[in-house]
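For reference, the structure is listed below as C-alpha cells.
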Amino acid sequence: EPEVTQTPSHQVTQMGQEVILRCVPISNHLYFYWYRQILGQKVEFLVSFYNNEISEKSEIFDDQFSVERPDGSNFTLKIRSTKLEDSAMYFCASTPTVIGTGPAFFGQGTRLTVV
Amino acid sequence: GDSVTQMEGPVTLSEEAFLTINCTYTATGYPSLFWYVQYPGEGLQLLLKATKADDKGSNKGFEATYRKETTSFHLEKGSVQVSDSAVYFCALSDPTGGYSTLTFGKGTMLLVSP
C-alpha cells in the first residue's frame, strides 16, 4: 500500500540553525500539507501546497518557514532560524483532492527538538 | 474560529471493554467530521468520517454519529482489542473554507491491556 514517508524521524538542532524536513508524498497525489503538534497541544495546520505553489498558510507559517517541491517527488519544509518554540512533531500529508473531502495520508512524523 | 475538543487521555481499558472517546466541535459552517488513528510508529490514517447531521461513520468496529444538536462526534467501540492501542484524533473540515484544511483535537491515547 502506498504511504507517505518522512525523514528524519528525529532531528535535534541548535537554536538559530536551519533545518529541512523531508517528505515523499504518494506519487499520484496533488495536494500536500504540513502540520505540527507541540507536545501536549493540538495538531495545527501550517501550510498547503498545490500546483507548485502555496495555496493556504496559517499564522504560524511566517517568514521563517518555506516549502518546496524541488524534484517532483520530495516535499520539504525549511525553517530558516529555529527557535525553542519550534520544537514539535511535524507531519506531512498528501491527498488526491482537497483534504476535507477524502482520506488524507500522513507520514509518521519528524520529531524536531531545538536546544 | 473552528476548534475541536477531545477528552484527555490516556484511556486505559482491558480487552473486550466498551470504549467511548468524547469529541465536541465548534465550526462556522456545517463541517465534515473525522476520526483519524495513529498506531505506534505510523502516520495518521483515516478511521471513519461523517459529512452531515445524523450520519454514522463506521469502520473496524468503531462508530461515531454526527450530532448537530450537541455538536459532538463521539467515538465508540463495543469490545476493544489490544491491537486498538493507538492515539485517536478527532478532526473537522469546514465547507466555508472550501474543505481546504483539517482542524484537529489534541488526540487521545488509548491503551488496551490483555
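The way I read the labels, and the way they are meant: chains A, B, ... in the order of the C-alpha cells, residue 1 as the first residue of every chain, and ligand 1 as the first ligand shown, with later ones counted on from there.
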
Query - chain B residues near chain A (10 Å cut-off, only C-alpha atoms) as an MDAnalysis selection string - result: chainID B and resid 3:6 8 31:34 36 38:49 51 89 91:95 97:107

Write the residues of the selection above to a file with C-alpha atoms, as a JSON list (two decimals), in the first residue's frame.
[["chain", "number", "residue", "atom", "x", "y", "z"],
["B", 3, "SER", "CA", -12.00, 24.10, 17.05],
["B", 4, "VAL", "CA", -12.16, 20.51, 18.25],
["B", 5, "THR", "CA", -12.06, 19.37, 21.86],
["B", 6, "GLN", "CA", -11.36, 15.77, 22.83],
["B", 8, "GLU", "CA", -7.90, 13.88, 27.81],
["B", 31, "PRO", "CA", -18.43, 20.67, 8.80],
["B", 32, "SER", "CA", -17.45, 17.20, 7.81],
["B", 33, "LEU", "CA", -16.20, 15.25, 10.82],
["B", 34, "PHE", "CA", -13.45, 12.68, 11.03],
["B", 36, "TYR", "CA", -8.03, 9.61, 12.49],
["B", 38, "GLN", "CA", -2.15, 6.81, 14.70],
["B", 39, "TYR", "CA", -0.70, 3.42, 15.55],
["B", 40, "PRO", "CA", 2.79, 3.34, 17.09],
["B", 41, "GLY", "CA", 5.46, 4.25, 14.55],
["B", 42, "GLU", "CA", 2.96, 5.03, 11.80],
["B", 43, "GLY", "CA", 1.28, 8.07, 10.30],
["B", 44, "LEU", "CA", -2.25, 9.23, 10.98],
["B", 45, "GLN", "CA", -4.80, 7.33, 8.95],
["B", 46, "LEU", "CA", -8.48, 7.91, 8.42],
["B", 47, "LEU", "CA", -10.63, 5.68, 10.62],
["B", 48, "LEU", "CA", -14.09, 6.99, 9.75],
["B", 49, "LYS", "CA", -15.96, 10.09, 8.67],
["B", 51, "THR", "CA", -20.44, 14.51, 6.32],
["B", 89, "PHE", "CA", -7.64, 12.25, 16.70],
["B", 91, "ALA", "CA", -11.00, 16.45, 13.28],
["B", 92, "LEU", "CA", -13.29, 18.63, 11.21],
["B", 93, "SER", "CA", -13.20, 20.28, 7.82],
["B", 94, "ASP", "CA", -15.33, 23.36, 7.26],
["B", 95, "PRO", "CA", -17.09, 23.99, 3.93],
["B", 97, "GLY", "CA", -13.07, 27.22, 3.94],
["B", 98, "GLY", "CA", -13.61, 25.01, 0.93],
["B", 99, "TYR", "CA", -12.70, 21.91, 2.95],
["B", 100, "SER", "CA", -9.12, 23.02, 2.43],
["B", 101, "THR", "CA", -7.79, 22.18, 5.89],
["B", 102, "LEU", "CA", -8.39, 19.80, 8.76],
["B", 103, "THR", "CA", -8.79, 21.16, 12.28],
["B", 104, "PHE", "CA", -7.68, 18.58, 14.83],
["B", 105, "GLY", "CA", -8.04, 18.00, 18.52],
["B", 106, "LYS", "CA", -5.13, 17.10, 20.79],
["B", 107, "GLY", "CA", -5.54, 13.36, 20.34]]

Requested in this report: Write out as a ChimeraX atom specification the residues lying within 6 Å of range 61-74 of chain B, counting only C-alpha atoms and excluding same-chain residues fewer than 6 positions away.
Outcome: /B:21-25,53-55

Filtering to all heavy atoms, could you give me those residues as a PDB file, in the first residue's frame?
ATOM      1  N   ILE B  21     -14.707   7.678  23.341  1.00  0.00           N
ATOM      2  CA  ILE B  21     -13.824   8.847  23.373  1.00  0.00           C
ATOM      3  C   ILE B  21     -14.671  10.039  22.917  1.00  0.00           C
ATOM      4  O   ILE B  21     -15.184  10.054  21.802  1.00  0.00           O
ATOM      5  CB  ILE B  21     -12.599   8.691  22.463  1.00  0.00           C
ATOM      6  CG1 ILE B  21     -11.752   7.489  22.886  1.00  0.00           C
ATOM      7  CG2 ILE B  21     -11.751   9.968  22.508  1.00  0.00           C
ATOM      8  CD1 ILE B  21     -10.538   7.237  21.992  1.00  0.00           C
ATOM      9  N   ASN B  22     -14.812  11.006  23.804  1.00  0.00           N
ATOM     10  CA  ASN B  22     -15.671  12.150  23.514  1.00  0.00           C
ATOM     11  C   ASN B  22     -14.987  13.178  22.629  1.00  0.00           C
ATOM     12  O   ASN B  22     -13.779  13.446  22.770  1.00  0.00           O
ATOM     13  CB  ASN B  22     -16.107  12.823  24.810  1.00  0.00           C
ATOM     14  CG  ASN B  22     -17.065  11.967  25.598  1.00  0.00           C
ATOM     15  OD1 ASN B  22     -17.739  11.103  25.053  1.00  0.00           O
ATOM     16  ND2 ASN B  22     -17.124  12.187  26.898  1.00  0.00           N
ATOM     17  N   CYS B  23     -15.773  13.759  21.729  1.00  0.00           N
ATOM     18  CA  CYS B  23     -15.278  14.810  20.849  1.00  0.00           C
ATOM     19  C   CYS B  23     -16.402  15.816  20.634  1.00  0.00           C
ATOM     20  O   CYS B  23     -17.516  15.416  20.277  1.00  0.00           O
ATOM     21  CB  CYS B  23     -14.834  14.242  19.513  1.00  0.00           C
ATOM     22  SG  CYS B  23     -14.442  15.491  18.257  1.00  0.00           S
ATOM     23  N   THR B  24     -16.142  17.081  20.863  1.00  0.00           N
ATOM     24  CA  THR B  24     -17.079  18.149  20.535  1.00  0.00           C
ATOM     25  C   THR B  24     -16.381  19.172  19.669  1.00  0.00           C
ATOM     26  O   THR B  24     -15.148  19.258  19.660  1.00  0.00           O
ATOM     27  CB  THR B  24     -17.638  18.838  21.795  1.00  0.00           C
ATOM     28  OG1 THR B  24     -16.543  19.355  22.560  1.00  0.00           O
ATOM     29  CG2 THR B  24     -18.457  17.876  22.635  1.00  0.00           C
ATOM     30  N   TYR B  25     -17.175  19.948  18.940  1.00  0.00           N
ATOM     31  CA  TYR B  25     -16.561  20.860  17.975  1.00  0.00           C
ATOM     32  C   TYR B  25     -17.312  22.189  17.940  1.00  0.00           C
ATOM     33  O   TYR B  25     -18.461  22.295  18.377  1.00  0.00           O
ATOM     34  CB  TYR B  25     -16.564  20.237  16.582  1.00  0.00           C
ATOM     35  CG  TYR B  25     -17.946  20.067  15.995  1.00  0.00           C
ATOM     36  CD1 TYR B  25     -18.545  21.082  15.248  1.00  0.00           C
ATOM     37  CD2 TYR B  25     -18.659  18.891  16.192  1.00  0.00           C
ATOM     38  CE1 TYR B  25     -19.816  20.939  14.731  1.00  0.00           C
ATOM     39  CE2 TYR B  25     -19.931  18.741  15.669  1.00  0.00           C
ATOM     40  CZ  TYR B  25     -20.501  19.759  14.952  1.00  0.00           C
ATOM     41  OH  TYR B  25     -21.764  19.606  14.435  1.00  0.00           O
ATOM     42  N   ALA B  53     -25.401  15.871   9.388  1.00  0.00           N
ATOM     43  CA  ALA B  53     -26.056  15.568  10.662  1.00  0.00           C
ATOM     44  C   ALA B  53     -26.755  14.216  10.606  1.00  0.00           C
ATOM     45  O   ALA B  53     -27.379  13.858   9.601  1.00  0.00           O
ATOM     46  CB  ALA B  53     -27.053  16.666  11.001  1.00  0.00           C
ATOM     47  N   ASP B  54     -26.595  13.457  11.710  1.00  0.00           N
ATOM     48  CA  ASP B  54     -27.180  12.134  11.914  1.00  0.00           C
ATOM     49  C   ASP B  54     -26.496  11.038  11.115  1.00  0.00           C
ATOM     50  O   ASP B  54     -26.862   9.865  11.277  1.00  0.00           O
ATOM     51  CB  ASP B  54     -28.685  12.125  11.641  1.00  0.00           C
ATOM     52  CG  ASP B  54     -29.430  13.079  12.533  1.00  0.00           C
ATOM     53  OD1 ASP B  54     -29.039  13.232  13.709  1.00  0.00           O
ATOM     54  OD2 ASP B  54     -30.388  13.716  12.050  1.00  0.00           O
ATOM     55  N   ASP B  55     -25.529  11.377  10.291  1.00  0.00           N
ATOM     56  CA  ASP B  55     -24.723  10.344   9.628  1.00  0.00           C
ATOM     57  C   ASP B  55     -23.956   9.565  10.679  1.00  0.00           C
ATOM     58  O   ASP B  55     -23.464  10.132  11.661  1.00  0.00           O
ATOM     59  CB  ASP B  55     -23.694  10.982   8.681  1.00  0.00           C
ATOM     60  CG  ASP B  55     -24.199  11.083   7.262  1.00  0.00           C
ATOM     61  OD1 ASP B  55     -25.360  10.714   7.007  1.00  0.00           O
ATOM     62  OD2 ASP B  55     -23.407  11.531   6.404  1.00  0.00           O
TER      63      ASP B  55
END

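All residues within chain A that the backbone DSSP calculation assigns to helix (DSSP H, G or I) are A:Leu84, A:Glu85, A:Asp86, A:Ile99, A:Gly100, A:Thr101.
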
With all heavy atoms retained, export the selected residues as a tab-separated table (two decimals), in the first residue's frame.
chain	number	residue	atom	x	y	z
A	84	LEU	N	13.30	27.81	20.07
A	84	LEU	CA	12.92	26.75	21.01
A	84	LEU	C	11.48	26.32	20.81
A	84	LEU	O	11.16	25.13	20.89
A	84	LEU	CB	13.13	27.22	22.46
A	84	LEU	CG	14.57	27.49	22.89
A	84	LEU	CD1	14.60	28.03	24.32
A	84	LEU	CD2	15.43	26.24	22.78
A	85	GLU	N	10.62	27.30	20.53
A	85	GLU	CA	9.19	27.00	20.38
A	85	GLU	C	8.84	26.28	19.08
A	85	GLU	O	7.68	25.93	18.86
A	85	GLU	CB	8.35	28.27	20.53
A	85	GLU	CG	8.74	29.39	19.59
A	85	GLU	CD	9.68	30.39	20.23
A	85	GLU	OE1	10.54	29.97	21.03
A	85	GLU	OE2	9.57	31.59	19.92
A	86	ASP	N	9.83	26.07	18.22
A	86	ASP	CA	9.60	25.25	17.02
A	86	ASP	C	9.69	23.76	17.33
A	86	ASP	O	9.39	22.92	16.47
A	86	ASP	CB	10.61	25.59	15.93
A	86	ASP	CG	10.45	27.01	15.40
A	86	ASP	OD1	9.30	27.49	15.34
A	86	ASP	OD2	11.48	27.62	15.05
A	99	ILE	N	-8.19	18.24	1.22
A	99	ILE	CA	-8.03	17.35	2.36
A	99	ILE	C	-9.33	17.03	3.07
A	99	ILE	O	-9.49	15.95	3.64
A	99	ILE	CB	-6.98	17.92	3.35
A	99	ILE	CG1	-6.45	16.85	4.29
A	99	ILE	CG2	-7.55	19.13	4.09
A	99	ILE	CD1	-5.23	17.29	5.07
A	100	GLY	N	-10.31	17.95	3.02
A	100	GLY	CA	-11.54	17.73	3.76
A	100	GLY	C	-12.58	16.90	3.03
A	100	GLY	O	-13.66	16.66	3.56
A	101	THR	N	-12.28	16.45	1.84
A	101	THR	CA	-13.27	15.70	1.05
A	101	THR	C	-12.93	14.23	0.94
A	101	THR	O	-13.72	13.46	0.38
A	101	THR	CB	-13.40	16.29	-0.37
A	101	THR	OG1	-12.14	16.20	-1.03
A	101	THR	CG2	-13.86	17.73	-0.31

Query raised in the report: Quick one: distance from CA of Glu53 in chain A to CA of Lys83 in chain A in Å, one decimal?
Result: 25.5 Å

Query - Shell around Gln64 in chain A at 12 Å using only C-alpha atoms, local window under 2 positions removed, as a PyMOL selection string - result: chain A and resi 16-20+59-62+66-67+77-83+86

Could you save those same residues with N, CA, C and O atoms as a short mmCIF file (atom, residue, chain, number, x, y, z; two decimals), in the first residue's frame?
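Dumped everything to selection-v4.cif:
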data_model
loop_
_atom_site.label_atom_id
_atom_site.label_comp_id
_atom_site.auth_asym_id
_atom_site.auth_seq_id
_atom_site.Cartn_x
_atom_site.Cartn_y
_atom_site.Cartn_z
N GLY A 16 18.64 28.76 16.25
CA GLY A 16 19.23 29.62 15.24
C GLY A 16 19.70 28.89 14.00
O GLY A 16 20.00 29.54 12.99
N GLN A 17 19.75 27.58 14.06
CA GLN A 17 20.18 26.80 12.89
C GLN A 17 19.01 26.58 11.94
O GLN A 17 17.84 26.62 12.32
N GLU A 18 19.36 26.32 10.69
CA GLU A 18 18.35 25.98 9.69
C GLU A 18 18.12 24.48 9.68
O GLU A 18 19.07 23.70 9.84
N VAL A 19 16.87 24.08 9.51
CA VAL A 19 16.58 22.66 9.36
C VAL A 19 15.69 22.46 8.13
O VAL A 19 14.90 23.34 7.77
N ILE A 20 15.84 21.32 7.52
CA ILE A 20 14.97 20.93 6.40
C ILE A 20 14.37 19.57 6.74
O ILE A 20 15.10 18.61 7.00
N GLU A 59 -1.24 31.34 10.44
CA GLU A 59 -0.47 32.42 11.07
C GLU A 59 0.89 31.92 11.55
O GLU A 59 1.84 32.70 11.68
N ILE A 60 0.97 30.63 11.85
CA ILE A 60 2.23 30.07 12.33
C ILE A 60 3.29 30.14 11.23
O ILE A 60 4.47 30.34 11.50
N PHE A 61 2.87 29.98 10.01
CA PHE A 61 3.78 29.86 8.86
C PHE A 61 4.26 31.25 8.48
O PHE A 61 3.76 31.87 7.53
N ASP A 62 5.23 31.76 9.23
CA ASP A 62 5.75 33.10 8.96
C ASP A 62 6.97 33.02 8.05
O ASP A 62 7.25 31.99 7.44
N SER A 66 9.47 27.90 4.94
CA SER A 66 9.24 27.83 3.50
C SER A 66 9.04 26.38 3.12
O SER A 66 9.45 25.47 3.84
N VAL A 67 8.36 26.17 1.99
CA VAL A 67 8.15 24.82 1.47
C VAL A 67 8.57 24.79 0.01
O VAL A 67 8.56 25.81 -0.68
N LEU A 77 10.00 21.05 4.07
CA LEU A 77 9.69 22.18 4.93
C LEU A 77 11.01 22.67 5.50
O LEU A 77 11.76 21.91 6.12
N LYS A 78 11.30 23.94 5.27
CA LYS A 78 12.54 24.54 5.79
C LYS A 78 12.19 25.54 6.86
O LYS A 78 11.28 26.36 6.68
N ILE A 79 12.91 25.47 7.95
CA ILE A 79 12.83 26.50 8.98
C ILE A 79 14.19 27.18 9.01
O ILE A 79 15.21 26.53 9.27
N ARG A 80 14.20 28.48 8.73
CA ARG A 80 15.48 29.18 8.49
C ARG A 80 16.30 29.34 9.75
O ARG A 80 17.50 29.11 9.76
N SER A 81 15.70 29.77 10.81
CA SER A 81 16.42 30.05 12.04
C SER A 81 15.55 29.54 13.19
O SER A 81 14.63 30.22 13.64
N THR A 82 15.85 28.32 13.63
CA THR A 82 14.93 27.66 14.55
C THR A 82 14.91 28.34 15.92
O THR A 82 15.93 28.87 16.39
N LYS A 83 13.73 28.28 16.52
CA LYS A 83 13.55 28.79 17.88
C LYS A 83 13.16 27.62 18.78
O LYS A 83 12.72 26.57 18.29
N ASP A 86 9.83 26.07 18.22
CA ASP A 86 9.60 25.25 17.02
C ASP A 86 9.69 23.76 17.33
O ASP A 86 9.39 22.92 16.47
#

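Distance check against Thr113 in chain A using only C-alpha atoms: of A:Pro96, A:Ser27, A:Ala88, A:Pro2, the minimum falls on A:Ala88.
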
Report task. Go through chain A and collect every residue that DSSP, computed from the backbone, puts in strand (DSSP E); the answer should be as a ChimeraX atom specification. Result -> /A:5-7,10-13,19-24,31-37,43-50,53-57,65-68,75-79,88-95,105-106,110-114

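CA of Met7 in chain B to CA of Tyr88 in chain B spans 10.4 Å [interatomic distance, one decimal].
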
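The two atoms in question, CA of Ser14 in chain B and CA of Leu75 in chain B, are spaced 17.2 Å apart.
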
Report task. Return the single residue from B:Thr108, B:Gln81, B:Thr96, B:Asn59 that is closest to Gly29 in chain B, with distances computed using only C-alpha atoms. Result -> B:Thr96
